[in-house]
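Trainee: Okay, handing you the structure first.
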Amino acid sequence: MTILVIGATGRIGRHVVNQLIERNAKVRVLTRDAAKTSFPESVEIAQGELLDLDALRAAFKGVRTLFLLNAVTGDEFTQALITLNIAKEAGVERVVYLSVFNAENSVNVPHFAVKAGGERMLSEMGFSATILRPTYFIDNEIMIKDVVLNHGVYPMPIGSKGVAMVDARDIAEVAAIELIRRDQASELLPVETINLVGPDTLTGPKVAAIWSEVLGRDIVYGGDDPRGFEQNMASFMPKWTAYEMRLMAERYVTDGMIPNEGDVERLVAMLKRPLHSYREFAESLAWAS
């Protein structure tokens, strides 16, 4: 049977597809424009959008297991619920769903609240699901690379509580492991939640210190006020999205994203290797500049 990957063209999804191919899985991806994809020939391409019901139904034919990653959009919640309803209609009950760390505790952050709603639907409608709850993506730092390198400021207002940033490669590999496990199971497995975290819980000043060490010059932390962050984001993304990013940053400042006891050890045991660190990512970003 086939594993359908929704959200395959983004940073996480591409890694998921590659990890599944390495494990000899039969993979299909749903994409808006098949002509713009660059997946290996073994990957089946289904063209369409999540609110195009005919295309979505066609994409689910012959599928047993679903990986669902919803993009942050104004209609993200509708997309998520429609997709899961069509999956259920098609007889697809095995799902790996990309949620977010502590989704239920951030009800004022739209894309966090969406994930909490998706988790509830999976649980209450009888899906056999692994719910993946990643913290802040280390890979998001690509957006602020120029500010760090050219202005000497680490601008992300992540606060002083601590955020255990996670690498996209670790997220994707755990997702692939869970997709294969559920797809190959002889019977439906119970719902399980996995926190996806990094090896180090970092504060804003600590991240700035890492950059200082990597670059050999002082990098300062821009502070905990997300209002300036929102203004900067609004210069290159829709204002509603920038505001949502501010709400997310406010949660970093007030709550952090701190692993539970055993989260790191669980991931290391699953991956059979150490987790990728923030310092490793900063070094690779600096060397590529």
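We label chains A, B, ... in the order they appear in the structure tokens, count residues from 1 in each chain, and number ligands from 1 in the order shown.
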Using the chain letters and numbers from this document, which residues of segment 12-245 of chain A does DSSP assign to helix (DSSP H, G or I), as an NGL selection string?
Mentor: :A and (12-22 or 34-36 or 53-59 or 76-89 or 103-105 or 110-124 or 138-151 or 168-184 or 204-215 or 226-233 or 239-245)
Trainee: How close does each residue of segment 117-148 of chain A get to segment 192-204 of chain A, giving the shortest atom pair and distance in Å to one decimal for every residue with an atom at most 8 Å away, counting only C-alpha atoms, sorted by chain and residue number, as a tab-separated table?
Mentor:
```
residue	atom	partner	partner_atom	distance
A:Ala129	CA	A:Glu192	CA	6.5
A:Thr130	CA	A:Glu192	CA	4.9
A:Ile131	CA	A:Thr193	CA	4.6
A:Leu132	CA	A:Ile194	CA	5.1
A:Arg133	CA	A:Asn195	CA	4.7
A:Pro134	CA	A:Leu196	CA	4.2
A:Thr135	CA	A:Val197	CA	5.8
```
Trainee: Do you know which residues are at most 8 Å from Ala208 of chain A counting only C-alpha atoms, after dropping those on the same chain fewer than 6 positions away, and could you put them as a PDB file with C-alpha atoms, in the first residue's frame?
Mentor:
```
ATOM      1  CA  VAL A 153      21.910  40.972  16.393  1.00  0.00           C
ATOM      2  CA  TYR A 154      20.018  37.770  17.138  1.00  0.00           C
ATOM      3  CA  ILE A 219      26.366  39.061  18.651  1.00  0.00           C
ATOM      4  CA  VAL A 220      23.758  40.619  20.938  1.00  0.00           C
ATOM      5  CA  TYR A 221      20.258  39.427  21.754  1.00  0.00           C
TER       6      TYR A 221
END
```
Trainee: DSSP on the backbone, strand (DSSP E or B) only: what residues of segment 63-266 of chain A does that give? Format it as an MDAnalysis selection string.
Mentor: chainID A and resid 63:68 94:98 128:134 137 153:154 163 166 192:196 202 220:221 257
Trainee: So that I have them on file, write out the residues from the current selection with C-alpha atoms, as a PDB file, in the first residue's frame.
Mentor:
```pdb
ATOM      1  CA  VAL A  63      -3.480   4.749   0.243  1.00  0.00           C
ATOM      2  CA  ARG A  64      -3.223   3.111   3.667  1.00  0.00           C
ATOM      3  CA  THR A  65      -1.231   5.683   5.657  1.00  0.00           C
ATOM      4  CA  LEU A  66      -1.194   9.497   5.678  1.00  0.00           C
ATOM      5  CA  PHE A  67       1.397  12.061   6.693  1.00  0.00           C
ATOM      6  CA  LEU A  68      -0.373  15.387   7.232  1.00  0.00           C
ATOM      7  CA  ARG A  94      -3.350   5.344   9.880  1.00  0.00           C
ATOM      8  CA  VAL A  95      -2.008   8.873  10.268  1.00  0.00           C
ATOM      9  CA  VAL A  96       1.129  10.685  11.345  1.00  0.00           C
ATOM     10  CA  TYR A  97       0.128  14.278  12.087  1.00  0.00           C
ATOM     11  CA  LEU A  98       2.509  17.186  12.538  1.00  0.00           C
ATOM     12  CA  SER A 128      -4.715   5.203  14.529  1.00  0.00           C
ATOM     13  CA  ALA A 129      -2.393   8.175  14.826  1.00  0.00           C
ATOM     14  CA  THR A 130       1.018   9.331  15.909  1.00  0.00           C
ATOM     15  CA  ILE A 131       0.854  12.980  16.882  1.00  0.00           C
ATOM     16  CA  LEU A 132       4.216  14.683  16.499  1.00  0.00           C
ATOM     17  CA  ARG A 133       4.664  17.808  18.586  1.00  0.00           C
ATOM     18  CA  PRO A 134       7.768  19.727  17.491  1.00  0.00           C
ATOM     19  CA  PHE A 137      12.262  24.663  14.069  1.00  0.00           C
ATOM     20  CA  VAL A 153      21.910  40.972  16.393  1.00  0.00           C
ATOM     21  CA  TYR A 154      20.018  37.770  17.138  1.00  0.00           C
ATOM     22  CA  VAL A 163      13.251  26.730  23.898  1.00  0.00           C
ATOM     23  CA  VAL A 166      14.539  20.959  16.886  1.00  0.00           C
ATOM     24  CA  GLU A 192       0.509   8.108  20.586  1.00  0.00           C
ATOM     25  CA  THR A 193       2.039  11.547  21.109  1.00  0.00           C
ATOM     26  CA  ILE A 194       5.749  12.269  20.680  1.00  0.00           C
ATOM     27  CA  ASN A 195       7.389  15.550  21.664  1.00  0.00           C
ATOM     28  CA  LEU A 196      10.041  16.528  19.108  1.00  0.00           C
ATOM     29  CA  LEU A 202      18.260  27.630  24.798  1.00  0.00           C
ATOM     30  CA  VAL A 220      23.758  40.619  20.938  1.00  0.00           C
ATOM     31  CA  TYR A 221      20.258  39.427  21.754  1.00  0.00           C
ATOM     32  CA  MET A 257       9.242  25.251  25.055  1.00  0.00           C
TER      33      MET A 257
END
```
Trainee: Name the closest residue to Gln19 of chain A among the candidates A:Leu56, A:Leu51, A:Ala175, A:Met237; distances are taken between atoms, counting only C-alpha atoms.
Mentor: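 Looking only at the distances to Gln19 of chain A, the closest residue turns out to be A:Ala175.
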Trainee: Quick one: everything within 9 Å of segment 5-14 of chain A, counting only C-alpha atoms, minus sequence neighbours fewer than 5 positions away in the same chain. Send it as a PDB file with N, CA, C and O atoms, in the first residue's frame.
Mentor:
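See result_38.pdb below for the written result:
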```pdb
ATOM      1  N   GLN A  19      13.301  10.291   3.487  1.00  0.00           N
ATOM      2  CA  GLN A  19      13.451   9.255   4.502  1.00  0.00           C
ATOM      3  C   GLN A  19      12.604   8.024   4.170  1.00  0.00           C
ATOM      4  O   GLN A  19      13.030   6.883   4.382  1.00  0.00           O
ATOM      5  N   VAL A  27       5.573   5.834  -2.091  1.00  0.00           N
ATOM      6  CA  VAL A  27       5.219   7.184  -1.659  1.00  0.00           C
ATOM      7  C   VAL A  27       4.445   7.915  -2.755  1.00  0.00           C
ATOM      8  O   VAL A  27       4.805   7.862  -3.940  1.00  0.00           O
ATOM      9  N   ARG A  28       3.413   8.614  -2.333  1.00  0.00           N
ATOM     10  CA  ARG A  28       2.683   9.535  -3.209  1.00  0.00           C
ATOM     11  C   ARG A  28       2.643  10.888  -2.526  1.00  0.00           C
ATOM     12  O   ARG A  28       2.489  10.968  -1.300  1.00  0.00           O
ATOM     13  N   VAL A  29       2.794  11.963  -3.291  1.00  0.00           N
ATOM     14  CA  VAL A  29       2.708  13.311  -2.725  1.00  0.00           C
ATOM     15  C   VAL A  29       1.577  14.073  -3.415  1.00  0.00           C
ATOM     16  O   VAL A  29       1.284  13.849  -4.593  1.00  0.00           O
ATOM     17  N   LEU A  30       0.945  14.945  -2.668  1.00  0.00           N
ATOM     18  CA  LEU A  30      -0.067  15.842  -3.214  1.00  0.00           C
ATOM     19  C   LEU A  30       0.557  17.216  -3.367  1.00  0.00           C
ATOM     20  O   LEU A  30       1.116  17.762  -2.415  1.00  0.00           O
ATOM     21  N   THR A  31       0.471  17.778  -4.571  1.00  0.00           N
ATOM     22  CA  THR A  31       1.078  19.081  -4.826  1.00  0.00           C
ATOM     23  C   THR A  31       0.202  19.895  -5.761  1.00  0.00           C
ATOM     24  O   THR A  31      -0.520  19.344  -6.607  1.00  0.00           O
ATOM     25  N   THR A  37       7.729  20.142  -9.258  1.00  0.00           N
ATOM     26  CA  THR A  37       8.308  19.228  -8.279  1.00  0.00           C
ATOM     27  C   THR A  37       9.581  18.595  -8.820  1.00  0.00           C
ATOM     28  O   THR A  37       9.791  18.528 -10.028  1.00  0.00           O
ATOM     29  N   PHE A  39      10.895  15.465  -7.304  1.00  0.00           N
ATOM     30  CA  PHE A  39      11.025  14.244  -6.536  1.00  0.00           C
ATOM     31  C   PHE A  39      11.591  13.124  -7.417  1.00  0.00           C
ATOM     32  O   PHE A  39      11.472  13.168  -8.645  1.00  0.00           O
ATOM     33  N   LEU A  50      -5.937  20.907  -1.112  1.00  0.00           N
ATOM     34  CA  LEU A  50      -6.684  20.241  -0.048  1.00  0.00           C
ATOM     35  C   LEU A  50      -8.174  20.566  -0.067  1.00  0.00           C
ATOM     36  O   LEU A  50      -8.978  19.790   0.438  1.00  0.00           O
ATOM     37  N   THR A  65      -1.777   4.873   4.568  1.00  0.00           N
ATOM     38  CA  THR A  65      -1.231   5.683   5.657  1.00  0.00           C
ATOM     39  C   THR A  65      -0.999   7.113   5.166  1.00  0.00           C
ATOM     40  O   THR A  65      -0.555   7.321   4.037  1.00  0.00           O
ATOM     41  N   LEU A  66      -1.275   8.077   6.027  1.00  0.00           N
ATOM     42  CA  LEU A  66      -1.194   9.497   5.678  1.00  0.00           C
ATOM     43  C   LEU A  66      -0.208  10.230   6.567  1.00  0.00           C
ATOM     44  O   LEU A  66      -0.224  10.066   7.790  1.00  0.00           O
ATOM     45  N   PHE A  67       0.629  11.063   5.953  1.00  0.00           N
ATOM     46  CA  PHE A  67       1.397  12.061   6.693  1.00  0.00           C
ATOM     47  C   PHE A  67       0.768  13.411   6.379  1.00  0.00           C
ATOM     48  O   PHE A  67       0.681  13.820   5.217  1.00  0.00           O
ATOM     49  N   LEU A  68       0.326  14.117   7.424  1.00  0.00           N
ATOM     50  CA  LEU A  68      -0.373  15.387   7.232  1.00  0.00           C
ATOM     51  C   LEU A  68       0.381  16.525   7.894  1.00  0.00           C
ATOM     52  O   LEU A  68       0.554  16.556   9.113  1.00  0.00           O
ATOM     53  N   LEU A  69       0.814  17.461   7.055  1.00  0.00           N
ATOM     54  CA  LEU A  69       1.445  18.694   7.504  1.00  0.00           C
ATOM     55  C   LEU A  69       0.695  19.830   6.822  1.00  0.00           C
ATOM     56  O   LEU A  69       0.767  19.986   5.602  1.00  0.00           O
ATOM     57  N   ASN A  70      -0.036  20.606   7.602  1.00  0.00           N
ATOM     58  CA  ASN A  70      -0.787  21.738   7.050  1.00  0.00           C
ATOM     59  C   ASN A  70       0.048  23.003   7.090  1.00  0.00           C
ATOM     60  O   ASN A  70       0.630  23.335   8.124  1.00  0.00           O
ATOM     61  N   ALA A  71       0.073  23.720   5.976  1.00  0.00           N
ATOM     62  CA  ALA A  71       0.763  25.007   5.940  1.00  0.00           C
ATOM     63  C   ALA A  71      -0.010  26.028   6.767  1.00  0.00           C
ATOM     64  O   ALA A  71      -1.225  25.898   6.968  1.00  0.00           O
ATOM     65  N   ASP A 139      15.536  25.338  11.671  1.00  0.00           N
ATOM     66  CA  ASP A 139      15.650  25.784  10.281  1.00  0.00           C
ATOM     67  C   ASP A 139      14.992  27.138  10.036  1.00  0.00           C
ATOM     68  O   ASP A 139      15.282  27.797   9.031  1.00  0.00           O
ATOM     69  N   ALA A 168      14.915  20.086  11.428  1.00  0.00           N
ATOM     70  CA  ALA A 168      13.959  19.507  10.479  1.00  0.00           C
ATOM     71  C   ALA A 168      14.297  18.060  10.141  1.00  0.00           C
ATOM     72  O   ALA A 168      13.405  17.235   9.932  1.00  0.00           O
ATOM     73  N   ARG A 169      15.581  17.751  10.088  1.00  0.00           N
ATOM     74  CA  ARG A 169      15.985  16.379   9.741  1.00  0.00           C
ATOM     75  C   ARG A 169      15.561  15.395  10.821  1.00  0.00           C
ATOM     76  O   ARG A 169      15.161  14.259  10.513  1.00  0.00           O
ATOM     77  N   ILE A 171      12.947  15.840  12.878  1.00  0.00           N
ATOM     78  CA  ILE A 171      11.485  15.748  12.762  1.00  0.00           C
ATOM     79  C   ILE A 171      11.108  14.740  11.682  1.00  0.00           C
ATOM     80  O   ILE A 171      10.284  13.846  11.887  1.00  0.00           O
ATOM     81  N   ALA A 172      11.722  14.890  10.516  1.00  0.00           N
ATOM     82  CA  ALA A 172      11.367  14.062   9.366  1.00  0.00           C
ATOM     83  C   ALA A 172      11.707  12.598   9.574  1.00  0.00           C
ATOM     84  O   ALA A 172      10.948  11.706   9.172  1.00  0.00           O
TER      85      ALA A 172
END
```
Trainee: Arg227 of chain A: which residues within 10 Å, counting only C-alpha atoms, same-chain residues fewer than 4 positions away excluded, as a list in words?
Mentor: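 Contacts, in chain order: Pro157, Gln231, Asn232, Met233, Ala242, Tyr243, Arg246, Leu247, Ala249 and Glu250 of chain A.
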Trainee: Produce a file of the selected residues containing N, CA, C and O atoms, as a PDB file, in the first residue's frame.
Mentor:
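Final file, selection_26.pdb:
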```pdb
ATOM      1  N   PRO A 157      12.681  36.885  19.355  1.00  0.00           N
ATOM      2  CA  PRO A 157      12.360  37.096  20.776  1.00  0.00           C
ATOM      3  C   PRO A 157      11.896  35.797  21.430  1.00  0.00           C
ATOM      4  O   PRO A 157      10.710  35.596  21.708  1.00  0.00           O
ATOM      5  N   GLN A 231       6.816  43.893  13.336  1.00  0.00           N
ATOM      6  CA  GLN A 231       7.009  44.921  12.311  1.00  0.00           C
ATOM      7  C   GLN A 231       7.971  44.453  11.231  1.00  0.00           C
ATOM      8  O   GLN A 231       7.748  44.683  10.036  1.00  0.00           O
ATOM      9  N   ASN A 232       9.042  43.776  11.633  1.00  0.00           N
ATOM     10  CA  ASN A 232      10.003  43.274  10.656  1.00  0.00           C
ATOM     11  C   ASN A 232       9.380  42.195   9.773  1.00  0.00           C
ATOM     12  O   ASN A 232       9.571  42.182   8.555  1.00  0.00           O
ATOM     13  N   MET A 233       8.620  41.281  10.388  1.00  0.00           N
ATOM     14  CA  MET A 233       7.981  40.215   9.621  1.00  0.00           C
ATOM     15  C   MET A 233       6.972  40.778   8.621  1.00  0.00           C
ATOM     16  O   MET A 233       6.818  40.268   7.510  1.00  0.00           O
ATOM     17  N   ALA A 242       2.271  38.045  10.151  1.00  0.00           N
ATOM     18  CA  ALA A 242       3.250  38.648  11.050  1.00  0.00           C
ATOM     19  C   ALA A 242       2.683  38.779  12.467  1.00  0.00           C
ATOM     20  O   ALA A 242       3.384  38.546  13.454  1.00  0.00           O
ATOM     21  N   TYR A 243       1.407  39.140  12.554  1.00  0.00           N
ATOM     22  CA  TYR A 243       0.771  39.234  13.872  1.00  0.00           C
ATOM     23  C   TYR A 243       0.705  37.868  14.538  1.00  0.00           C
ATOM     24  O   TYR A 243       0.955  37.736  15.748  1.00  0.00           O
ATOM     25  N   ARG A 246       3.949  37.082  15.967  1.00  0.00           N
ATOM     26  CA  ARG A 246       4.141  37.803  17.236  1.00  0.00           C
ATOM     27  C   ARG A 246       3.470  37.061  18.389  1.00  0.00           C
ATOM     28  O   ARG A 246       4.057  36.913  19.469  1.00  0.00           O
ATOM     29  N   LEU A 247       2.242  36.588  18.163  1.00  0.00           N
ATOM     30  CA  LEU A 247       1.543  35.846  19.210  1.00  0.00           C
ATOM     31  C   LEU A 247       2.322  34.595  19.607  1.00  0.00           C
ATOM     32  O   LEU A 247       2.395  34.239  20.785  1.00  0.00           O
ATOM     33  N   ALA A 249       5.608  34.247  19.331  1.00  0.00           N
ATOM     34  CA  ALA A 249       6.791  34.687  20.070  1.00  0.00           C
ATOM     35  C   ALA A 249       6.450  35.059  21.505  1.00  0.00           C
ATOM     36  O   ALA A 249       7.243  34.816  22.428  1.00  0.00           O
ATOM     37  N   GLU A 250       5.281  35.643  21.709  1.00  0.00           N
ATOM     38  CA  GLU A 250       4.872  35.978  23.072  1.00  0.00           C
ATOM     39  C   GLU A 250       4.786  34.728  23.944  1.00  0.00           C
ATOM     40  O   GLU A 250       5.112  34.759  25.133  1.00  0.00           O
TER      41      GLU A 250
END
```
Trainee: Which of these, A:Val16, A:Val109, A:Ile177, A:Met121, has the shortest distance to Leu4 of chain A once you count only C-alpha atoms?
Mentor: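 So, comparing all the options, the nearest one is A:Val16.
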Trainee: Report as a list of chain:residue names all protein, DNA and RNA residues lying within 12 Å of Ser106 of chain A, evaluated on only C-alpha atoms, omitting residues in the same chain fewer than 2 positions from it.
Mentor: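 Everything that qualifies: A:Val100, A:Phe101, A:Asn102, A:Ala103, A:Glu104, A:Asn108, A:Val109, A:Pro110, A:His111, A:Phe112, A:Ala113, A:Val114, A:Lys115, A:Ala116, A:Gly117, A:Glu244, A:Leu247, A:Met248, A:Ala249, A:Glu250, A:Arg251, A:Tyr252, A:Thr254, A:Asp255, A:Gly256, A:Met257.
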Trainee: Need to verify the contact set: Pro40 of chain A, 10 Å, only C-alpha atoms, exclusion of same-chain residues closer than 5 positions in sequence. Can you return it as a PyMOL selection string?
Mentor: chain A and resi 17-18+21
Trainee: Give me a file of those residues, with C-alpha atoms, as a PDB file, in the first residue's frame.
Mentor:
```
ATOM      1  CA  VAL A  17       9.755  11.870   1.437  1.00  0.00           C
ATOM      2  CA  ASN A  18      13.491  11.208   1.255  1.00  0.00           C
ATOM      3  CA  ILE A  21      12.338   6.413  -0.030  1.00  0.00           C
TER       4      ILE A  21
END
```
Trainee: Using only C-alpha atoms, find the one residue out of A:Glu280, A:Asp225, A:Glu119, A:Glu230 that sits nearest to Ile210 of chain A.
Mentor: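 Going through A:Glu280, A:Asp225, A:Glu119, A:Glu230 one by one, the smallest distance to Ile210 of chain A is for A:Glu280.
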